[in-house]
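Enquirer: Have a look at this one before I ask anything.
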Amino acid sequence: AQSVTQPDIHITVSEGASLELRCNYSYGATPYLFWYVQSPGQGLQLLLKYFSGDTLVQGIKGFEAEFKRSQSSFNLRKPSVHWSDAAEYFCAVGAFSGGYNKLIFGAGTRLAVHP
Amino acid sequence: EAGVAQSPRYKIIEKRQSVAFWCNPISGHATLYWYQQILGQGPKLLIQFQNNGVVDDSQLPKDRFSAERLKGVDSTLKIQPAKLEDSAVYLCASSLGHREDNTDTQYFGPGTRLTVL
(Lines give C-alpha, C1' and ligand atoms only; values in the text may rest on other atoms or scores of the structure.)
Protein backbone atom coordinates (compact mmCIF):
# COMPACT_ATOMS: atom_id res chain seq x y z
CA ALA A 1 0.00 0.00 0.00
CA GLN A 2 1.11 3.54 -0.65
CA SER A 3 2.33 5.52 2.33
CA VAL A 4 4.37 8.55 3.28
CA THR A 5 6.52 8.88 6.39
CA GLN A 6 7.79 12.14 7.79
CA PRO A 7 10.06 11.05 10.63
CA ASP A 8 10.33 14.44 12.34
CA ILE A 9 7.20 15.75 14.06
CA HIS A 10 8.81 19.01 15.21
CA ILE A 11 11.96 20.78 14.08
CA THR A 12 13.38 24.01 15.44
CA VAL A 13 16.03 26.00 13.60
CA SER A 14 17.55 29.43 14.01
CA GLU A 15 16.80 32.11 11.46
CA GLY A 16 19.44 32.02 8.74
CA ALA A 17 20.31 28.37 9.34
CA SER A 18 19.87 25.69 6.71
CA LEU A 19 16.91 23.33 6.79
CA GLU A 20 16.22 19.78 5.67
CA LEU A 21 12.85 18.09 6.20
CA ARG A 22 12.76 14.38 5.60
CA CYS A 23 10.19 12.43 3.62
CA ASN A 24 10.14 8.73 2.77
CA TYR A 25 7.51 7.14 0.59
CA SER A 26 6.28 3.70 -0.30
CA TYR A 27 4.80 3.33 -3.76
CA GLY A 28 5.04 0.47 -6.25
CA ALA A 29 5.26 2.48 -9.44
CA THR A 30 6.97 5.70 -10.44
CA PRO A 31 6.07 8.16 -7.71
CA TYR A 32 4.71 11.62 -8.21
CA LEU A 33 5.77 13.64 -5.17
CA PHE A 34 4.65 16.90 -3.66
CA TRP A 35 5.52 19.21 -0.80
CA TYR A 36 2.83 21.48 0.63
CA VAL A 37 3.11 24.11 3.36
CA GLN A 38 0.35 25.08 5.78
CA SER A 39 0.62 28.31 7.73
CA PRO A 40 -1.51 28.67 10.88
CA GLY A 41 -5.19 28.97 10.01
CA GLN A 42 -4.53 28.53 6.32
CA GLY A 43 -5.03 25.87 3.69
CA LEU A 44 -2.23 23.96 1.99
CA GLN A 45 -0.03 25.79 -0.47
CA LEU A 46 1.96 23.85 -3.08
CA LEU A 47 5.70 24.38 -2.65
CA LEU A 48 6.99 22.08 -5.38
CA LYS A 49 6.34 18.84 -7.18
CA TYR A 50 8.31 16.08 -8.89
CA PHE A 51 6.94 14.15 -11.83
CA SER A 52 10.00 13.13 -13.88
CA GLY A 53 13.31 14.38 -15.22
CA ASP A 54 15.83 16.25 -13.11
CA THR A 55 15.75 14.80 -9.62
CA LEU A 56 16.44 18.19 -8.02
CA VAL A 57 13.36 20.37 -8.23
CA GLN A 58 13.04 24.01 -7.38
CA GLY A 59 9.97 25.45 -5.73
CA ILE A 60 8.62 28.70 -4.43
CA LYS A 61 10.02 30.66 -1.48
CA GLY A 62 13.56 29.38 -2.09
CA PHE A 63 12.78 25.71 -1.36
CA GLU A 64 14.13 22.75 -3.27
CA ALA A 65 13.71 19.00 -2.98
CA GLU A 66 15.71 16.05 -4.22
CA PHE A 67 14.18 12.78 -5.36
CA LYS A 68 16.33 9.74 -4.52
CA ARG A 69 14.79 6.57 -5.86
CA SER A 70 17.36 4.30 -4.17
CA GLN A 71 16.41 5.71 -0.77
CA SER A 72 12.69 6.23 -1.48
CA SER A 73 13.13 9.77 -0.27
CA PHE A 74 12.08 13.24 -1.29
CA ASN A 75 13.68 15.59 1.24
CA LEU A 76 12.90 19.29 1.30
CA ARG A 77 15.73 21.80 1.76
CA LYS A 78 16.30 25.49 2.13
CA PRO A 79 19.76 27.06 2.52
CA SER A 80 18.70 29.92 4.80
CA VAL A 81 15.48 29.89 6.79
CA HIS A 82 13.41 33.03 7.39
CA TRP A 83 11.11 33.58 10.36
CA SER A 84 8.15 33.53 7.95
CA ASP A 85 8.93 29.90 7.08
CA ALA A 86 7.52 28.77 10.43
CA ALA A 87 4.63 26.52 9.43
CA GLU A 88 3.68 22.87 8.99
CA TYR A 89 5.09 21.01 6.01
CA PHE A 90 3.43 18.03 4.36
CA CYS A 91 4.95 15.58 1.94
CA ALA A 92 2.54 13.68 -0.32
CA VAL A 93 2.69 10.98 -2.96
CA GLY A 94 0.30 10.94 -5.89
CA ALA A 95 -1.34 7.55 -6.24
CA PHE A 96 -3.20 6.47 -9.35
CA SER A 97 -6.17 4.27 -8.63
CA GLY A 98 -9.17 3.41 -10.77
CA GLY A 99 -8.19 5.96 -13.37
CA TYR A 100 -8.10 8.84 -10.90
CA ASN A 101 -5.38 10.58 -8.97
CA LYS A 102 -5.26 10.69 -5.21
CA LEU A 103 -2.85 12.25 -2.75
CA ILE A 104 -1.56 10.36 0.25
CA PHE A 105 -0.11 12.67 2.87
CA GLY A 106 2.43 12.22 5.59
CA ALA A 107 1.62 13.37 9.12
CA GLY A 108 3.54 16.59 8.67
CA THR A 109 6.56 18.30 10.23
CA ARG A 110 6.03 21.44 12.27
CA LEU A 111 8.85 23.94 11.81
CA ALA A 112 9.64 26.57 14.42
CA VAL A 113 12.15 29.33 13.68
CA HIS A 114 14.10 31.04 16.44
CA PRO A 115 15.24 34.63 15.89
CA GLU B 1 -6.91 33.30 -11.20
CA ALA B 2 -9.16 32.92 -8.18
CA GLY B 3 -8.34 30.07 -5.83
CA VAL B 4 -10.55 27.54 -4.11
CA ALA B 5 -13.12 29.29 -1.91
CA GLN B 6 -14.60 27.80 1.26
CA SER B 7 -17.10 28.99 3.82
CA PRO B 8 -17.52 29.36 6.65
CA ARG B 9 -13.94 29.63 7.93
CA TYR B 10 -14.89 28.68 11.48
CA LYS B 11 -17.85 26.88 13.01
CA ILE B 12 -18.64 25.87 16.58
CA ILE B 13 -21.55 23.54 17.25
CA GLU B 14 -22.88 21.25 19.96
CA LYS B 15 -22.68 17.50 19.48
CA ARG B 16 -25.70 16.00 17.72
CA GLN B 17 -26.25 19.24 15.78
CA SER B 18 -25.87 19.42 12.02
CA VAL B 19 -23.45 21.54 10.00
CA ALA B 20 -22.74 22.21 6.34
CA PHE B 21 -19.65 23.44 4.54
CA TRP B 22 -19.47 25.00 1.10
CA CYS B 23 -16.72 24.89 -1.52
CA ASN B 24 -16.28 26.66 -4.84
CA PRO B 25 -13.40 25.16 -6.85
CA ILE B 26 -11.10 26.85 -9.33
CA SER B 27 -12.95 27.56 -12.56
CA GLY B 28 -12.57 24.73 -15.05
CA HIS B 29 -11.46 22.15 -12.52
CA ALA B 30 -13.35 18.92 -13.01
CA THR B 31 -12.20 17.13 -9.87
CA LEU B 32 -13.14 18.24 -6.37
CA TYR B 33 -11.94 16.71 -3.12
CA TRP B 34 -13.00 16.99 0.52
CA TYR B 35 -10.40 16.20 3.17
CA GLN B 36 -10.58 15.94 6.94
CA GLN B 37 -7.51 17.12 8.84
CA ILE B 38 -7.47 16.24 12.52
CA LEU B 39 -5.04 18.20 14.68
CA GLY B 40 -1.54 16.80 14.38
CA GLN B 41 -2.30 14.68 11.33
CA GLY B 42 -2.09 14.99 7.59
CA PRO B 43 -5.24 15.48 5.51
CA LYS B 44 -7.35 12.39 4.92
CA LEU B 45 -9.49 12.13 1.80
CA LEU B 46 -13.20 11.87 2.54
CA ILE B 47 -14.72 12.05 -0.92
CA GLN B 48 -13.65 12.77 -4.49
CA PHE B 49 -15.91 14.02 -7.29
CA GLN B 50 -15.26 13.98 -11.01
CA ASN B 51 -17.65 16.60 -12.38
CA ASN B 52 -20.86 15.81 -10.47
CA GLY B 53 -20.18 12.10 -9.96
CA VAL B 54 -18.56 10.43 -6.96
CA VAL B 55 -15.41 8.45 -7.82
CA ASP B 56 -14.23 7.66 -4.28
CA ASP B 57 -16.12 7.89 -1.00
CA SER B 58 -14.54 4.89 0.70
CA GLN B 59 -13.37 6.94 3.71
CA LEU B 60 -16.60 8.90 4.16
CA PRO B 61 -18.59 7.93 7.30
CA LYS B 62 -21.82 7.62 5.40
CA ASP B 63 -24.00 7.22 8.47
CA ARG B 64 -23.42 10.88 9.32
CA PHE B 65 -21.55 12.55 6.46
CA SER B 66 -22.95 13.41 3.05
CA ALA B 67 -21.69 15.45 0.14
CA GLU B 68 -22.99 16.61 -3.17
CA ARG B 69 -21.72 18.51 -6.16
CA LEU B 70 -24.69 19.69 -8.13
CA LYS B 71 -24.00 20.88 -11.69
CA GLY B 72 -20.37 19.83 -11.34
CA VAL B 73 -19.18 23.09 -9.80
CA ASP B 74 -19.88 24.01 -6.15
CA SER B 75 -20.01 21.36 -3.48
CA THR B 76 -21.42 21.02 0.02
CA LEU B 77 -20.33 18.66 2.77
CA LYS B 78 -22.78 17.97 5.58
CA ILE B 79 -22.43 16.31 8.95
CA GLN B 80 -25.58 15.18 10.74
CA PRO B 81 -25.44 14.52 13.64
CA ALA B 82 -21.98 15.75 14.64
CA LYS B 83 -19.81 13.93 17.16
CA LEU B 84 -16.97 15.24 19.27
CA GLU B 85 -14.44 13.37 17.12
CA ASP B 86 -15.56 15.34 14.05
CA SER B 87 -13.65 18.36 15.37
CA ALA B 88 -11.15 19.01 12.61
CA VAL B 89 -10.30 21.25 9.68
CA TYR B 90 -12.25 20.39 6.54
CA LEU B 91 -10.29 21.17 3.41
CA CYS B 92 -11.60 21.40 -0.10
CA ALA B 93 -9.28 20.99 -3.08
CA SER B 94 -9.71 20.94 -6.83
CA SER B 95 -7.71 19.85 -9.86
CA LEU B 96 -8.09 19.82 -13.62
CA GLY B 97 -8.90 16.14 -13.32
CA HIS B 98 -7.76 14.79 -16.62
CA ARG B 99 -8.10 11.06 -16.40
CA GLU B 100 -4.92 9.05 -16.94
CA ASP B 101 -2.91 12.18 -16.14
CA ASN B 102 -0.62 11.39 -13.24
CA THR B 103 0.60 14.97 -13.15
CA ASP B 104 -2.76 16.32 -12.01
CA THR B 105 -2.08 18.83 -9.22
CA GLN B 106 -4.47 19.64 -6.39
CA TYR B 107 -5.00 23.18 -5.14
CA PHE B 108 -6.45 23.71 -1.68
CA GLY B 109 -8.83 26.18 -0.14
CA PRO B 110 -8.27 27.83 3.29
CA GLY B 111 -10.36 25.22 5.11
CA THR B 112 -13.17 25.31 7.65
CA ARG B 113 -12.23 24.74 11.26
CA LEU B 114 -15.03 22.84 13.02
CA THR B 115 -15.24 22.58 16.78
CA VAL B 116 -17.83 20.21 18.25
CA LEU B 117 -18.58 20.79 21.94
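Here, A, B, ... name the chains of the C-alpha coordinates in the order displayed, residue numbers run from 1 inside each chain, and ligands are numbered from 1 in the same displayed order.
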Need to verify the contact set: B:Phe49, 6 Å, only C-alpha atoms, exclusion of same-chain residues closer than 5 positions in sequence. Can you return it as a list in words?

Expert: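 Answer for this query is Thr31, Leu32, Val54 and Val55 of chain B.
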
Enquirer: Okay, now the selection with N, CA, C and O atoms, as a PDB file, in the first residue's frame?

Expert:
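File selection-v2.pdb, as written:
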ATOM      1  N   THR B  31     -12.263  17.991 -11.043  1.00  0.00           N
ATOM      2  CA  THR B  31     -12.200  17.131  -9.866  1.00  0.00           C
ATOM      3  C   THR B  31     -12.212  17.963  -8.600  1.00  0.00           C
ATOM      4  O   THR B  31     -11.506  18.972  -8.501  1.00  0.00           O
ATOM      5  N   LEU B  32     -13.028  17.548  -7.658  1.00  0.00           N
ATOM      6  CA  LEU B  32     -13.141  18.237  -6.374  1.00  0.00           C
ATOM      7  C   LEU B  32     -12.990  17.210  -5.261  1.00  0.00           C
ATOM      8  O   LEU B  32     -13.505  16.093  -5.354  1.00  0.00           O
ATOM      9  N   VAL B  54     -19.482  10.874  -7.997  1.00  0.00           N
ATOM     10  CA  VAL B  54     -18.560  10.431  -6.960  1.00  0.00           C
ATOM     11  C   VAL B  54     -17.652   9.333  -7.514  1.00  0.00           C
ATOM     12  O   VAL B  54     -18.148   8.346  -8.073  1.00  0.00           O
ATOM     13  N   VAL B  55     -16.327   9.503  -7.365  1.00  0.00           N
ATOM     14  CA  VAL B  55     -15.412   8.455  -7.816  1.00  0.00           C
ATOM     15  C   VAL B  55     -14.765   7.722  -6.647  1.00  0.00           C
ATOM     16  O   VAL B  55     -14.226   6.638  -6.822  1.00  0.00           O
TER      17      VAL B  55
END

Enquirer: For chain A against chain B, with a cut-off of 10 Å and counting only C-alpha atoms, what is the closest atom pair and its distance in Å to one decimal for every residue that makes the cut, ordered by chain and number, as JSON lines?

Expert:
{"residue": "A:Ile9", "atom": "CA", "partner": "B:Gly40", "partner_atom": "CA", "distance": 8.8}
{"residue": "A:Thr30", "atom": "CA", "partner": "B:Asn102", "partner_atom": "CA", "distance": 9.9}
{"residue": "A:Pro31", "atom": "CA", "partner": "B:Asn102", "partner_atom": "CA", "distance": 9.3}
{"residue": "A:Tyr32", "atom": "CA", "partner": "B:Thr103", "partner_atom": "CA", "distance": 7.2}
{"residue": "A:Leu33", "atom": "CA", "partner": "B:Thr103", "partner_atom": "CA", "distance": 9.6}
{"residue": "A:Phe34", "atom": "CA", "partner": "B:Thr105", "partner_atom": "CA", "distance": 8.9}
{"residue": "A:Tyr36", "atom": "CA", "partner": "B:Phe108", "partner_atom": "CA", "distance": 9.8}
{"residue": "A:Gln38", "atom": "CA", "partner": "B:Pro110", "partner_atom": "CA", "distance": 9.4}
{"residue": "A:Ser39", "atom": "CA", "partner": "B:Pro110", "partner_atom": "CA", "distance": 10.0}
{"residue": "A:Gly41", "atom": "CA", "partner": "B:Pro110", "partner_atom": "CA", "distance": 7.5}
{"residue": "A:Gln42", "atom": "CA", "partner": "B:Pro110", "partner_atom": "CA", "distance": 4.9}
{"residue": "A:Gly43", "atom": "CA", "partner": "B:Pro110", "partner_atom": "CA", "distance": 3.8}
{"residue": "A:Leu44", "atom": "CA", "partner": "B:Phe108", "partner_atom": "CA", "distance": 5.6}
{"residue": "A:Gln45", "atom": "CA", "partner": "B:Phe108", "partner_atom": "CA", "distance": 6.9}
{"residue": "A:Leu46", "atom": "CA", "partner": "B:Tyr107", "partner_atom": "CA", "distance": 7.3}
{"residue": "A:Lys49", "atom": "CA", "partner": "B:Thr105", "partner_atom": "CA", "distance": 8.7}
{"residue": "A:Tyr50", "atom": "CA", "partner": "B:Thr103", "partner_atom": "CA", "distance": 8.9}
{"residue": "A:Phe51", "atom": "CA", "partner": "B:Thr103", "partner_atom": "CA", "distance": 6.5}
{"residue": "A:Ser52", "atom": "CA", "partner": "B:Thr103", "partner_atom": "CA", "distance": 9.6}
{"residue": "A:Glu88", "atom": "CA", "partner": "B:Gly40", "partner_atom": "CA", "distance": 9.6}
{"residue": "A:Tyr89", "atom": "CA", "partner": "B:Gly42", "partner_atom": "CA", "distance": 9.5}
{"residue": "A:Phe90", "atom": "CA", "partner": "B:Gly42", "partner_atom": "CA", "distance": 7.1}
{"residue": "A:Cys91", "atom": "CA", "partner": "B:Gly42", "partner_atom": "CA", "distance": 9.1}
{"residue": "A:Ala92", "atom": "CA", "partner": "B:Gly42", "partner_atom": "CA", "distance": 9.3}
{"residue": "A:Gly94", "atom": "CA", "partner": "B:Asn102", "partner_atom": "CA", "distance": 7.4}
{"residue": "A:Ala95", "atom": "CA", "partner": "B:Asn102", "partner_atom": "CA", "distance": 8.0}
{"residue": "A:Phe96", "atom": "CA", "partner": "B:Asn102", "partner_atom": "CA", "distance": 6.8}
{"residue": "A:Ser97", "atom": "CA", "partner": "B:Glu100", "partner_atom": "CA", "distance": 9.7}
{"residue": "A:Gly98", "atom": "CA", "partner": "B:Val55", "partner_atom": "CA", "distance": 8.6}
{"residue": "A:Gly99", "atom": "CA", "partner": "B:Glu100", "partner_atom": "CA", "distance": 5.7}
{"residue": "A:Tyr100", "atom": "CA", "partner": "B:Arg99", "partner_atom": "CA", "distance": 5.9}
{"residue": "A:Asn101", "atom": "CA", "partner": "B:Asn102", "partner_atom": "CA", "distance": 6.4}
{"residue": "A:Lys102", "atom": "CA", "partner": "B:Leu45", "partner_atom": "CA", "distance": 8.3}
{"residue": "A:Leu103", "atom": "CA", "partner": "B:Leu45", "partner_atom": "CA", "distance": 8.0}
{"residue": "A:Ile104", "atom": "CA", "partner": "B:Lys44", "partner_atom": "CA", "distance": 7.7}
{"residue": "A:Phe105", "atom": "CA", "partner": "B:Gly42", "partner_atom": "CA", "distance": 5.6}
{"residue": "A:Gly106", "atom": "CA", "partner": "B:Gly42", "partner_atom": "CA", "distance": 5.7}
{"residue": "A:Ala107", "atom": "CA", "partner": "B:Gly42", "partner_atom": "CA", "distance": 4.3}
{"residue": "A:Gly108", "atom": "CA", "partner": "B:Gly42", "partner_atom": "CA", "distance": 6.0}
{"residue": "A:Thr109", "atom": "CA", "partner": "B:Gly40", "partner_atom": "CA", "distance": 9.2}
{"residue": "A:Arg110", "atom": "CA", "partner": "B:Gly40", "partner_atom": "CA", "distance": 9.1}

Enquirer: Could you list, as number ranges by chain, every residue within 12 Å of A:Lys68, counting only C-alpha atoms and ignoring same-chain residues fewer than 2 positions away?

Expert: A: 22-25, 30-31, 33, 50, 52, 54-57, 65-66, 70-76

Enquirer: Kindly export the residues of the current selection with N, CA and C atoms, as a CSV table (one decimal), in the first residue's frame.

Expert:
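Saved to selection-v5.csv:
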chain,number,residue,atom,x,y,z
A,22,ARG,N,12.7,15.7,6.2
A,22,ARG,CA,12.8,14.4,5.6
A,22,ARG,C,11.4,13.8,5.2
A,23,CYS,N,11.4,13.1,4.1
A,23,CYS,CA,10.2,12.4,3.6
A,23,CYS,C,10.6,11.1,3.0
A,24,ASN,N,10.0,10.0,3.4
A,24,ASN,CA,10.1,8.7,2.8
A,24,ASN,C,8.8,8.2,2.3
A,25,TYR,N,8.8,7.6,1.2
A,25,TYR,CA,7.5,7.1,0.6
A,25,TYR,C,7.6,5.7,0.3
A,30,THR,N,6.3,4.4,-10.4
A,30,THR,CA,7.0,5.7,-10.4
A,30,THR,C,6.2,6.7,-9.6
A,31,PRO,N,6.8,7.3,-8.6
A,31,PRO,CA,6.1,8.2,-7.7
A,31,PRO,C,6.0,9.6,-8.3
A,33,LEU,N,5.5,13.2,-6.5
A,33,LEU,CA,5.8,13.6,-5.2
A,33,LEU,C,5.5,15.1,-5.0
A,50,TYR,N,7.4,16.9,-8.0
A,50,TYR,CA,8.3,16.1,-8.9
A,50,TYR,C,7.5,15.1,-9.7
A,52,SER,N,9.0,13.9,-13.1
A,52,SER,CA,10.0,13.1,-13.9
A,52,SER,C,11.1,14.1,-14.2
A,54,ASP,N,14.8,15.9,-14.1
A,54,ASP,CA,15.8,16.2,-13.1
A,54,ASP,C,15.4,15.9,-11.7
A,55,THR,N,16.2,15.2,-10.9
A,55,THR,CA,15.7,14.8,-9.6
A,55,THR,C,15.8,15.9,-8.6
A,56,LEU,N,16.4,17.0,-8.9
A,56,LEU,CA,16.4,18.2,-8.0
A,56,LEU,C,15.4,19.2,-8.6
A,57,VAL,N,14.4,19.5,-7.8
A,57,VAL,CA,13.4,20.4,-8.2
A,57,VAL,C,13.3,21.6,-7.4
A,65,ALA,N,13.8,20.4,-3.5
A,65,ALA,CA,13.7,19.0,-3.0
A,65,ALA,C,14.4,18.1,-3.9
A,66,GLU,N,15.0,17.0,-3.4
A,66,GLU,CA,15.7,16.1,-4.2
A,66,GLU,C,15.1,14.7,-4.1
A,70,SER,N,16.7,5.4,-4.9
A,70,SER,CA,17.4,4.3,-4.2
A,70,SER,C,17.0,4.4,-2.7
A,71,GLN,N,16.7,5.5,-2.2
A,71,GLN,CA,16.4,5.7,-0.8
A,71,GLN,C,14.9,5.9,-0.5
A,72,SER,N,14.1,5.9,-1.6
A,72,SER,CA,12.7,6.2,-1.5
A,72,SER,C,12.5,7.5,-0.7
A,73,SER,N,13.2,8.5,-1.0
A,73,SER,CA,13.1,9.8,-0.3
A,73,SER,C,12.9,11.0,-1.2
A,74,PHE,N,12.3,12.0,-0.6
A,74,PHE,CA,12.1,13.2,-1.3
A,74,PHE,C,12.2,14.3,-0.2
A,75,ASN,N,13.4,14.6,0.2
A,75,ASN,CA,13.7,15.6,1.2
A,75,ASN,C,13.6,17.0,0.8
A,76,LEU,N,13.1,17.9,1.6
A,76,LEU,CA,12.9,19.3,1.3
A,76,LEU,C,14.0,20.1,1.9

Enquirer: Excluding A:Gly59 and its own-chain neighbours fewer than 3 positions away, which residues fall within 8 Å of it when counting only C-alpha atoms? Please give them as a ChimeraX atom specification.

Expert: /A:47-49,62-65

Enquirer: I need the chosen residues saved as a PDB file, in the first residue's frame, with all heavy atoms.

Expert:
ATOM      1  N   LEU A  47       4.335  23.860  -2.600  1.00  0.00           N
ATOM      2  CA  LEU A  47       5.702  24.379  -2.651  1.00  0.00           C
ATOM      3  C   LEU A  47       6.425  23.927  -3.917  1.00  0.00           C
ATOM      4  O   LEU A  47       7.094  24.715  -4.580  1.00  0.00           O
ATOM      5  CB  LEU A  47       6.510  23.889  -1.445  1.00  0.00           C
ATOM      6  CG  LEU A  47       6.333  24.605  -0.116  1.00  0.00           C
ATOM      7  CD1 LEU A  47       7.176  23.904   0.953  1.00  0.00           C
ATOM      8  CD2 LEU A  47       6.720  26.064  -0.217  1.00  0.00           C
ATOM      9  N   LEU A  48       6.327  22.638  -4.205  1.00  0.00           N
ATOM     10  CA  LEU A  48       6.991  22.076  -5.376  1.00  0.00           C
ATOM     11  C   LEU A  48       6.467  20.679  -5.632  1.00  0.00           C
ATOM     12  O   LEU A  48       5.780  20.099  -4.788  1.00  0.00           O
ATOM     13  CB  LEU A  48       8.515  22.057  -5.186  1.00  0.00           C
ATOM     14  CG  LEU A  48       9.080  21.491  -3.891  1.00  0.00           C
ATOM     15  CD1 LEU A  48       9.108  19.980  -3.899  1.00  0.00           C
ATOM     16  CD2 LEU A  48      10.484  22.031  -3.638  1.00  0.00           C
ATOM     17  N   LYS A  49       6.797  20.164  -6.808  1.00  0.00           N
ATOM     18  CA  LYS A  49       6.337  18.836  -7.185  1.00  0.00           C
ATOM     19  C   LYS A  49       7.369  18.180  -8.087  1.00  0.00           C
ATOM     20  O   LYS A  49       8.110  18.868  -8.812  1.00  0.00           O
ATOM     21  CB  LYS A  49       4.988  18.907  -7.896  1.00  0.00           C
ATOM     22  CG  LYS A  49       4.980  19.812  -9.120  1.00  0.00           C
ATOM     23  CD  LYS A  49       3.551  20.031  -9.625  1.00  0.00           C
ATOM     24  CE  LYS A  49       3.537  21.011 -10.793  1.00  0.00           C
ATOM     25  NZ  LYS A  49       2.154  21.314 -11.250  1.00  0.00           N
ATOM     26  N   GLY A  62      12.174  29.805  -2.259  1.00  0.00           N
ATOM     27  CA  GLY A  62      13.557  29.381  -2.090  1.00  0.00           C
ATOM     28  C   GLY A  62      13.738  27.931  -1.695  1.00  0.00           C
ATOM     29  O   GLY A  62      14.851  27.519  -1.341  1.00  0.00           O
ATOM     30  N   PHE A  63      12.686  27.124  -1.715  1.00  0.00           N
ATOM     31  CA  PHE A  63      12.784  25.714  -1.360  1.00  0.00           C
ATOM     32  C   PHE A  63      13.182  24.867  -2.560  1.00  0.00           C
ATOM     33  O   PHE A  63      12.890  25.198  -3.705  1.00  0.00           O
ATOM     34  CB  PHE A  63      11.444  25.213  -0.814  1.00  0.00           C
ATOM     35  CG  PHE A  63      11.145  25.674   0.584  1.00  0.00           C
ATOM     36  CD1 PHE A  63      10.435  26.842   0.809  1.00  0.00           C
ATOM     37  CD2 PHE A  63      11.582  24.937   1.679  1.00  0.00           C
ATOM     38  CE1 PHE A  63      10.159  27.281   2.093  1.00  0.00           C
ATOM     39  CE2 PHE A  63      11.311  25.372   2.975  1.00  0.00           C
ATOM     40  CZ  PHE A  63      10.605  26.534   3.176  1.00  0.00           C
ATOM     41  N   GLU A  64      13.832  23.744  -2.265  1.00  0.00           N
ATOM     42  CA  GLU A  64      14.132  22.747  -3.270  1.00  0.00           C
ATOM     43  C   GLU A  64      13.977  21.375  -2.637  1.00  0.00           C
ATOM     44  O   GLU A  64      13.961  21.240  -1.404  1.00  0.00           O
ATOM     45  CB  GLU A  64      15.551  22.907  -3.823  1.00  0.00           C
ATOM     46  CG  GLU A  64      16.638  22.651  -2.814  1.00  0.00           C
ATOM     47  CD  GLU A  64      18.037  22.782  -3.408  1.00  0.00           C
ATOM     48  OE1 GLU A  64      18.205  23.505  -4.408  1.00  0.00           O
ATOM     49  OE2 GLU A  64      18.954  22.141  -2.858  1.00  0.00           O
ATOM     50  N   ALA A  65      13.808  20.374  -3.481  1.00  0.00           N
ATOM     51  CA  ALA A  65      13.712  19.001  -2.976  1.00  0.00           C
ATOM     52  C   ALA A  65      14.430  18.085  -3.946  1.00  0.00           C
ATOM     53  O   ALA A  65      14.497  18.345  -5.152  1.00  0.00           O
ATOM     54  CB  ALA A  65      12.255  18.585  -2.822  1.00  0.00           C
TER      55      ALA A  65
END

Enquirer: Chain B: which residues are strand (DSSP E) by DSSP, as a ChimeraX atom specification?

Expert: /B:5-7,10-13,19-24,31-37,44-50,53-56,65-68,75-79,88-95,107-108,112-116

Enquirer: Mind pulling up the distance from atom CA of A:Ile60 to atom CA of A:Ser80?

Expert: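 Taking atom CA of A:Ser80 and atom CA of A:Ile60, their separation equals 13.7 Å.
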
Enquirer: Take atom CA of B:Pro81 and atom CA of B:Lys15 and report the distance between them in Å, one decimal.

Expert: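 These two atoms are separated by 7.1 Å.
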